[in-house]
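Structure, as structure tokens:
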Amino acid sequence: MTRTSAEAPAPVSPAPLTAARVPALAAGATLLGSGGGGEVATGALLLSRELAGAPVPLVPAAAQAPDTLVVHAGLVGAPDVLAERLADPDDFAHAVRTAAEVAGVRAGAVGVIEIGGLNAVVAAVAAARLGLPLVDGDLMGRAFPRIDQTVTAVAGVDPAPLVLVGPGGNTVVVRECAPRLAERLLRANVLALGGAAALAVHPLPAARLAAIGVRGSVSACLGLGDRLLAAREAGGTPEDLADALEAELLAAGRVEEIVPRQDLTPGWATVTDGRTGAVVRVDLLDEYLAVTVDGVTRAAVPQIIAAVDPRGHRPLRADQLRTGGHLILLRLPPLHTWPSEADPLVGPPAFGLDLTPPPPTGPVPGRGTFSWRGGS
């Protein structure tokens, strides 16, 4: 008998997020940061403390009542400021409550803005402080540097009400905001608040979020983190690590040269692949943008590129690369397939890169088919 949509089983909620799961969440989030997303370790310590009292339920958007208001929480600011001054958990709670008040509906859950980097754990901190469930999903499927590089922006959804809470509870509320102006307003107000602030944005009904959001990304992040931690214990070759992470091995070798970025103009690192002798170029800004091997583009945003220390199997942020250092370059499995019309927003053109798309390749065993836009 054919099952109708009305008879389809409800989504199964994953196990609650506990303090014991924070290392896996942090490890996965660092990989999904694609070289950016901020320093995760301090946020992970904060989350462990918040979860000591009680776990946070992890619930798919589709498993909640359709009109449940989901407010997305995060932290924004300059990396050097964030490294020195992490916002108070009460600031996240205040930002979420204020956004819900402006929306006219009580918040029923907290959403993740980006599953890559610091904001993957910060959203869980907000949920724990508020005593609300965390949605098993996010709005990017990785980390991106701008608030308008989201699936909601692609869908044309207004990000407002947008709330920023700085030190001492200083609060900025933007009641209406076109997606194209969100980033400029955000940066100007964060600067006025001292360079870093708690953020609440995109209050959405659960039904709308279930339709347009990236699904299951918190669970995927935890699974990826588990595999990285296990691979770290096991050691092994770059090929072993790629197999453990279900990733494509792009290169493994020595960093020969680093050309720094110039404001918003990407810089790059040159790597010699110790296995093949290939010359590898890694374009980068806050995140890794593209990997070109002997003149052929092998991976590019929005695909997820990760660099890992071959000795300790620890992910390396773009600002941690050093001349003479060694790394393993990987293309991770995508959590989301971006439509072609999103290329100006999240593809190479969004970062000032003019790349020749890589040729189609056959499927990697157990990992799906390599795709220019990150489809699985």
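In the structure tokens, chains take letters A, B, ... by order of appearance, with residues numbered from 1 within each chain and ligands from 1 in the order shown.
Shell of range 73-87 of chain A at 6 Å, with only C-alpha atoms counted and residues fewer than 6 places along the chain excluded, is A:Asn119, A:Val122, A:Ala123, A:Gly195, A:Ala196, A:Ala197, A:Ala198, A:Leu199, A:Ala200.
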Close residues, Ala210 in chain A itself excluded, 10 Å, only C-alpha atoms, min 3 positions apart in chain, as a compact mmCIF listing (two decimals) with C-alpha atoms, in the first residue's frame:
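Resulting contents of selection-v5.txt:
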```
# COMPACT_ATOMS: atom_id res chain seq x y z
CA PRO A 60 13.88 18.84 13.87
CA ALA A 61 11.88 21.87 12.77
CA ALA A 62 9.31 19.55 11.17
CA ALA A 63 8.73 17.78 14.50
CA GLN A 64 7.50 20.96 16.19
CA PRO A 66 3.91 24.49 12.71
CA VAL A 135 16.52 22.94 16.16
CA GLY A 137 19.35 22.30 11.40
CA LEU A 204 10.53 31.97 11.70
CA PRO A 205 7.58 29.64 12.21
CA ALA A 206 8.79 26.05 12.43
CA ALA A 207 6.79 25.08 9.34
CA GLY A 213 16.26 25.42 6.24
CA VAL A 214 19.20 23.02 6.15
CA ARG A 215 17.91 19.90 7.89
```
Pull the closest atom pair for each residue of range 102-165 of chain A that gets at most 12 Å from range 306-315 of chain A, along with the distance in Å to one decimal, counting only C-alpha atoms, ordering rows by chain and then ascending residue number, as a tab-separated table.
```
residue	atom	partner	partner_atom	distance
A:Gly116	CA	A:Ala306	CA	11.1
A:Gly117	CA	A:Pro315	CA	11.0
A:Arg142	CA	A:Ala306	CA	11.0
A:Ala143	CA	A:Ala306	CA	11.5
```
### Query
Of the residues A:Leu132, A:Leu316, A:Leu250, A:Leu332, which is the one nearest to Arg298 in chain A, using only C-alpha atoms?
A:Leu250
### Query
Using only C-alpha atoms, which of the listed residues (A:Arg106, A:Pro57, A:Leu118, A:Asn189) sits closest to Gly131 in chain A?
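So, comparing all the options, the nearest one is A:Pro57.
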### Query
How many Å lie between CA of Ala124 in chain A and CA of Val59 in chain A, rounded to one decimal?
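Distance reported for this atom pair: 12.1 Å.
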### Task
Could you give me, as a PyMOL selection string, the residues within 8 Å of Glu114 in chain A, counting only C-alpha atoms and dropping anything in the same chain fewer than 6 positions from it?
chain A and resi 120+138-144
Output file for the residues above (C-alpha atoms, as an mmCIF file, in the first residue's frame):
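Writing done, so here's part30.cif:
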```cif
data_model
loop_
_atom_site.group_PDB
_atom_site.id
_atom_site.type_symbol
_atom_site.label_atom_id
_atom_site.label_comp_id
_atom_site.auth_asym_id
_atom_site.auth_seq_id
_atom_site.Cartn_x
_atom_site.Cartn_y
_atom_site.Cartn_z
ATOM 1 C CA ALA A 120 27.295 26.083 16.206
ATOM 2 C CA ASP A 138 20.867 25.638 10.410
ATOM 3 C CA LEU A 139 20.782 28.344 7.733
ATOM 4 C CA MET A 140 24.138 27.780 5.954
ATOM 5 C CA GLY A 141 25.199 24.134 6.117
ATOM 6 C CA ARG A 142 28.757 25.339 6.915
ATOM 7 C CA ALA A 143 30.279 28.710 7.908
ATOM 8 C CA PHE A 144 30.119 31.849 5.794
#
```
### Message
Just want the 7 Å neighbourhood of range 264-270 of chain A, counted on only C-alpha atoms, with same-chain residues fewer than 4 positions away dropped. Output as an MDAnalysis selection string.
### Response
chainID A and resid 255:260 280:285 352
Just-selected residues, all heavy atoms written as a JSON list (two decimals), in the first residue's frame:
```
[["chain", "number", "residue", "atom", "x", "y", "z"],
["A", 255, "VAL", "N", 53.31, 23.64, 3.16],
["A", 255, "VAL", "CA", 52.98, 25.01, 2.74],
["A", 255, "VAL", "C", 54.27, 25.72, 2.35],
["A", 255, "VAL", "O", 55.17, 25.89, 3.18],
["A", 255, "VAL", "CB", 52.27, 25.78, 3.88],
["A", 255, "VAL", "CG1", 51.95, 27.20, 3.42],
["A", 255, "VAL", "CG2", 51.00, 25.06, 4.30],
["A", 256, "GLU", "N", 54.36, 26.12, 1.09],
["A", 256, "GLU", "CA", 55.57, 26.75, 0.57],
["A", 256, "GLU", "C", 55.53, 28.27, 0.66],
["A", 256, "GLU", "O", 56.56, 28.92, 0.86],
["A", 256, "GLU", "CB", 55.79, 26.33, -0.89],
["A", 256, "GLU", "CG", 55.83, 24.83, -1.12],
["A", 256, "GLU", "CD", 57.04, 24.16, -0.51],
["A", 256, "GLU", "OE1", 57.97, 24.87, -0.08],
["A", 256, "GLU", "OE2", 57.07, 22.91, -0.47],
["A", 257, "GLU", "N", 54.35, 28.84, 0.49],
["A", 257, "GLU", "CA", 54.23, 30.30, 0.43],
["A", 257, "GLU", "C", 52.82, 30.70, 0.85],
["A", 257, "GLU", "O", 51.85, 29.99, 0.57],
["A", 257, "GLU", "CB", 54.50, 30.80, -0.99],
["A", 257, "GLU", "CG", 54.38, 32.31, -1.17],
["A", 257, "GLU", "CD", 54.47, 32.73, -2.62],
["A", 257, "GLU", "OE1", 54.21, 31.89, -3.51],
["A", 257, "GLU", "OE2", 54.78, 33.91, -2.88],
["A", 258, "ILE", "N", 52.72, 31.83, 1.53],
["A", 258, "ILE", "CA", 51.42, 32.40, 1.88],
["A", 258, "ILE", "C", 51.39, 33.85, 1.43],
["A", 258, "ILE", "O", 52.26, 34.64, 1.80],
["A", 258, "ILE", "CB", 51.13, 32.31, 3.40],
["A", 258, "ILE", "CG1", 51.10, 30.85, 3.86],
["A", 258, "ILE", "CG2", 49.82, 33.01, 3.74],
["A", 258, "ILE", "CD1", 50.94, 30.68, 5.35],
["A", 259, "VAL", "N", 50.42, 34.19, 0.60],
["A", 259, "VAL", "CA", 50.21, 35.56, 0.17],
["A", 259, "VAL", "C", 49.00, 36.10, 0.91],
["A", 259, "VAL", "O", 47.88, 35.61, 0.71],
["A", 259, "VAL", "CB", 49.98, 35.64, -1.36],
["A", 259, "VAL", "CG1", 49.68, 37.08, -1.77],
["A", 259, "VAL", "CG2", 51.20, 35.12, -2.10],
["A", 260, "PRO", "N", 49.17, 37.07, 1.82],
["A", 260, "PRO", "CA", 48.05, 37.54, 2.64],
["A", 260, "PRO", "C", 46.96, 38.19, 1.82],
["A", 260, "PRO", "O", 47.19, 38.74, 0.74],
["A", 260, "PRO", "CB", 48.70, 38.57, 3.58],
["A", 260, "PRO", "CG", 50.17, 38.28, 3.52],
["A", 260, "PRO", "CD", 50.43, 37.76, 2.14],
["A", 280, "VAL", "N", 49.75, 22.97, -5.50],
["A", 280, "VAL", "CA", 48.38, 23.19, -5.05],
["A", 280, "VAL", "C", 48.23, 24.63, -4.58],
["A", 280, "VAL", "O", 49.06, 25.13, -3.80],
["A", 280, "VAL", "CB", 48.02, 22.23, -3.90],
["A", 280, "VAL", "CG1", 46.57, 22.42, -3.45],
["A", 280, "VAL", "CG2", 48.28, 20.78, -4.31],
["A", 281, "ARG", "N", 47.19, 25.29, -5.04],
["A", 281, "ARG", "CA", 46.89, 26.66, -4.59],
["A", 281, "ARG", "C", 45.59, 26.63, -3.81],
["A", 281, "ARG", "O", 44.59, 26.07, -4.26],
["A", 281, "ARG", "CB", 46.78, 27.60, -5.79],
["A", 281, "ARG", "CG", 46.26, 29.00, -5.43],
["A", 281, "ARG", "CD", 46.33, 29.92, -6.61],
["A", 281, "ARG", "NE", 45.54, 31.12, -6.40],
["A", 281, "ARG", "CZ", 45.89, 32.34, -6.79],
["A", 281, "ARG", "NH1", 47.05, 32.51, -7.41],
["A", 281, "ARG", "NH2", 45.10, 33.37, -6.58],
["A", 282, "VAL", "N", 45.63, 27.26, -2.64],
["A", 282, "VAL", "CA", 44.44, 27.37, -1.78],
["A", 282, "VAL", "C", 44.07, 28.83, -1.67],
["A", 282, "VAL", "O", 44.78, 29.62, -1.03],
["A", 282, "VAL", "CB", 44.69, 26.77, -0.38],
["A", 282, "VAL", "CG1", 43.40, 26.81, 0.44],
["A", 282, "VAL", "CG2", 45.24, 25.36, -0.47],
["A", 283, "ASP", "N", 42.99, 29.27, -2.32],
["A", 283, "ASP", "CA", 42.50, 30.64, -2.18],
["A", 283, "ASP", "C", 41.75, 30.76, -0.86],
["A", 283, "ASP", "O", 40.98, 29.86, -0.47],
["A", 283, "ASP", "CB", 41.57, 30.98, -3.34],
["A", 283, "ASP", "CG", 42.31, 31.07, -4.66],
["A", 283, "ASP", "OD1", 43.04, 32.06, -4.86],
["A", 283, "ASP", "OD2", 42.17, 30.13, -5.48],
["A", 284, "LEU", "N", 41.94, 31.90, -0.17],
["A", 284, "LEU", "CA", 41.33, 32.03, 1.15],
["A", 284, "LEU", "C", 41.08, 33.49, 1.52],
["A", 284, "LEU", "O", 41.76, 34.41, 1.08],
["A", 284, "LEU", "CB", 42.23, 31.37, 2.20],
["A", 284, "LEU", "CG", 43.72, 31.74, 2.22],
["A", 284, "LEU", "CD1", 44.01, 32.97, 3.04],
["A", 284, "LEU", "CD2", 44.54, 30.56, 2.72],
["A", 285, "LEU", "N", 40.05, 33.67, 2.31],
["A", 285, "LEU", "CA", 39.77, 34.91, 3.04],
["A", 285, "LEU", "C", 39.64, 34.50, 4.50],
["A", 285, "LEU", "O", 40.59, 34.03, 5.10],
["A", 285, "LEU", "CB", 38.51, 35.59, 2.50],
["A", 285, "LEU", "CG", 38.68, 36.46, 1.26],
["A", 285, "LEU", "CD1", 37.33, 36.89, 0.69],
["A", 285, "LEU", "CD2", 39.51, 37.71, 1.60],
["A", 352, "GLY", "N", 34.96, 37.28, -5.25],
["A", 352, "GLY", "CA", 35.86, 37.89, -6.21],
["A", 352, "GLY", "C", 36.74, 36.91, -6.95],
["A", 352, "GLY", "O", 37.77, 37.30, -7.51]]
```
### Task
Give the strand (DSSP E) residues of range 283-350 of chain A, as assigned by DSSP on the backbone, as a VMD selection string.
chain A and resid 283 to 284 288 to 293 296 to 300 304 to 308 326 to 332
Write the residues of the selection above to a file with N, CA, C and O atoms, as a short mmCIF file (atom, residue, chain, number, x, y, z; two decimals), in the first residue's frame.
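Below is the file again-v8.cif, written as the result:
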```
data_model
loop_
_atom_site.label_atom_id
_atom_site.label_comp_id
_atom_site.auth_asym_id
_atom_site.auth_seq_id
_atom_site.Cartn_x
_atom_site.Cartn_y
_atom_site.Cartn_z
N ASP A 283 42.99 29.27 -2.32
CA ASP A 283 42.50 30.64 -2.18
C ASP A 283 41.75 30.76 -0.86
O ASP A 283 40.98 29.86 -0.47
N LEU A 284 41.94 31.90 -0.17
CA LEU A 284 41.33 32.03 1.15
C LEU A 284 41.08 33.49 1.52
O LEU A 284 41.76 34.41 1.08
N TYR A 288 38.45 28.92 3.62
CA TYR A 288 39.06 28.39 2.39
C TYR A 288 38.04 28.48 1.27
O TYR A 288 36.91 28.02 1.40
N LEU A 289 38.45 29.08 0.16
CA LEU A 289 37.53 29.36 -0.92
C LEU A 289 37.65 28.39 -2.09
O LEU A 289 36.65 28.07 -2.74
N ALA A 290 38.86 27.96 -2.40
CA ALA A 290 39.06 27.08 -3.55
C ALA A 290 40.38 26.35 -3.42
O ALA A 290 41.32 26.85 -2.79
N VAL A 291 40.43 25.18 -4.01
CA VAL A 291 41.68 24.40 -4.10
C VAL A 291 41.90 24.06 -5.57
O VAL A 291 41.04 23.45 -6.22
N THR A 292 43.06 24.47 -6.10
CA THR A 292 43.43 24.21 -7.48
C THR A 292 44.69 23.36 -7.50
O THR A 292 45.69 23.73 -6.86
N VAL A 293 44.64 22.24 -8.17
CA VAL A 293 45.76 21.30 -8.22
C VAL A 293 46.31 21.26 -9.65
O VAL A 293 45.60 20.89 -10.58
N VAL A 296 44.06 22.86 -12.13
CA VAL A 296 42.69 22.37 -12.26
C VAL A 296 41.95 22.58 -10.93
O VAL A 296 42.41 22.10 -9.88
N THR A 297 40.83 23.29 -10.96
CA THR A 297 40.05 23.52 -9.76
C THR A 297 39.42 22.20 -9.30
O THR A 297 38.68 21.56 -10.04
N ARG A 298 39.73 21.83 -8.07
CA ARG A 298 39.21 20.58 -7.52
C ARG A 298 38.07 20.79 -6.53
O ARG A 298 37.28 19.88 -6.30
N ALA A 299 38.01 21.96 -5.93
CA ALA A 299 36.93 22.27 -4.99
C ALA A 299 36.80 23.78 -4.87
O ALA A 299 37.81 24.50 -5.00
N ALA A 300 35.59 24.26 -4.64
CA ALA A 300 35.37 25.70 -4.49
C ALA A 300 34.06 25.93 -3.74
O ALA A 300 33.16 25.09 -3.77
N ILE A 304 32.66 22.45 1.01
CA ILE A 304 33.33 22.60 2.30
C ILE A 304 34.74 22.06 2.20
O ILE A 304 34.96 20.87 2.03
N ILE A 305 35.71 22.96 2.31
CA ILE A 305 37.13 22.62 2.24
C ILE A 305 37.70 22.67 3.65
O ILE A 305 37.51 23.66 4.36
N ALA A 306 38.39 21.64 4.06
CA ALA A 306 38.99 21.61 5.39
C ALA A 306 40.49 21.34 5.28
O ALA A 306 40.93 20.57 4.43
N ALA A 307 41.26 21.99 6.15
CA ALA A 307 42.68 21.72 6.29
C ALA A 307 42.91 21.13 7.67
O ALA A 307 42.39 21.65 8.66
N VAL A 308 43.68 20.05 7.73
CA VAL A 308 43.88 19.33 8.98
C VAL A 308 45.37 19.11 9.19
O VAL A 308 46.10 18.74 8.26
N HIS A 326 52.77 21.66 7.57
CA HIS A 326 52.19 20.60 6.76
C HIS A 326 50.70 20.51 7.02
O HIS A 326 50.22 20.81 8.11
N LEU A 327 49.96 20.09 6.00
CA LEU A 327 48.52 19.98 6.15
C LEU A 327 47.95 18.91 5.22
O LEU A 327 48.60 18.47 4.28
N ILE A 328 46.74 18.51 5.55
CA ILE A 328 45.94 17.62 4.70
C ILE A 328 44.73 18.42 4.24
O ILE A 328 44.04 19.02 5.08
N LEU A 329 44.49 18.49 2.95
CA LEU A 329 43.35 19.22 2.40
C LEU A 329 42.26 18.24 2.00
O LEU A 329 42.51 17.27 1.27
N LEU A 330 41.04 18.50 2.45
CA LEU A 330 39.91 17.61 2.21
C LEU A 330 38.71 18.39 1.69
O LEU A 330 38.52 19.57 2.04
N ARG A 331 37.91 17.74 0.86
CA ARG A 331 36.58 18.26 0.53
C ARG A 331 35.57 17.40 1.27
O ARG A 331 35.46 16.20 1.03
N LEU A 332 34.85 18.02 2.21
CA LEU A 332 33.92 17.28 3.05
C LEU A 332 32.59 17.06 2.33
O LEU A 332 32.21 17.82 1.43
#
```
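Reported to one decimal place, the separation of CA of Pro89 in chain A from CA of Ala54 in chain A is 15.3 Å.
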### Task
Could you pull out the residues in range 186-282 of chain A that DSSP calls helix (DSSP H, G or I) from the backbone, as an MDAnalysis selection string?
chainID A and resid 186:192 206:212 217:234 238:245
Taking C-alpha atoms for each residue, export the selection above as a CSV table (one decimal), in the first residue's frame.
```
chain,number,residue,atom,x,y,z
A,186,LEU,CA,25.1,44.5,11.3
A,187,ARG,CA,28.7,45.6,10.9
A,188,ALA,CA,27.9,49.2,11.7
A,189,ASN,CA,26.1,48.4,14.9
A,190,VAL,CA,28.5,45.7,16.1
A,191,LEU,CA,31.3,48.3,15.7
A,192,ALA,CA,29.3,50.7,17.8
A,206,ALA,CA,8.8,26.1,12.4
A,207,ALA,CA,6.8,25.1,9.3
A,208,ARG,CA,8.5,27.7,7.2
A,209,LEU,CA,11.9,26.8,8.6
A,210,ALA,CA,11.3,23.1,7.9
A,211,ALA,CA,10.6,24.0,4.2
A,212,ILE,CA,13.7,26.2,3.5
A,217,SER,CA,22.9,19.7,10.4
A,218,VAL,CA,23.5,19.5,14.1
A,219,SER,CA,23.2,15.7,14.1
A,220,ALA,CA,25.5,15.7,11.0
A,221,CYS,CA,28.0,17.9,12.9
A,222,LEU,CA,28.0,15.6,15.9
A,223,GLY,CA,28.6,12.6,13.6
A,224,LEU,CA,31.4,14.3,11.8
A,225,GLY,CA,33.0,15.2,15.1
A,226,ASP,CA,32.7,11.7,16.4
A,227,ARG,CA,34.6,10.4,13.3
A,228,LEU,CA,37.3,13.1,13.6
A,229,LEU,CA,37.9,12.3,17.3
A,230,ALA,CA,38.1,8.6,16.5
A,231,ALA,CA,40.5,9.2,13.6
A,232,ARG,CA,42.6,11.4,15.9
A,233,GLU,CA,42.9,8.4,18.3
A,234,ALA,CA,43.6,5.9,15.5
A,238,PRO,CA,45.9,11.1,4.9
A,239,GLU,CA,43.9,8.5,3.0
A,240,ASP,CA,42.8,6.9,6.3
A,241,LEU,CA,41.6,10.3,7.5
A,242,ALA,CA,39.7,11.0,4.3
A,243,ASP,CA,38.0,7.5,4.5
A,244,ALA,CA,37.1,8.1,8.2
A,245,LEU,CA,35.4,11.5,7.3
```
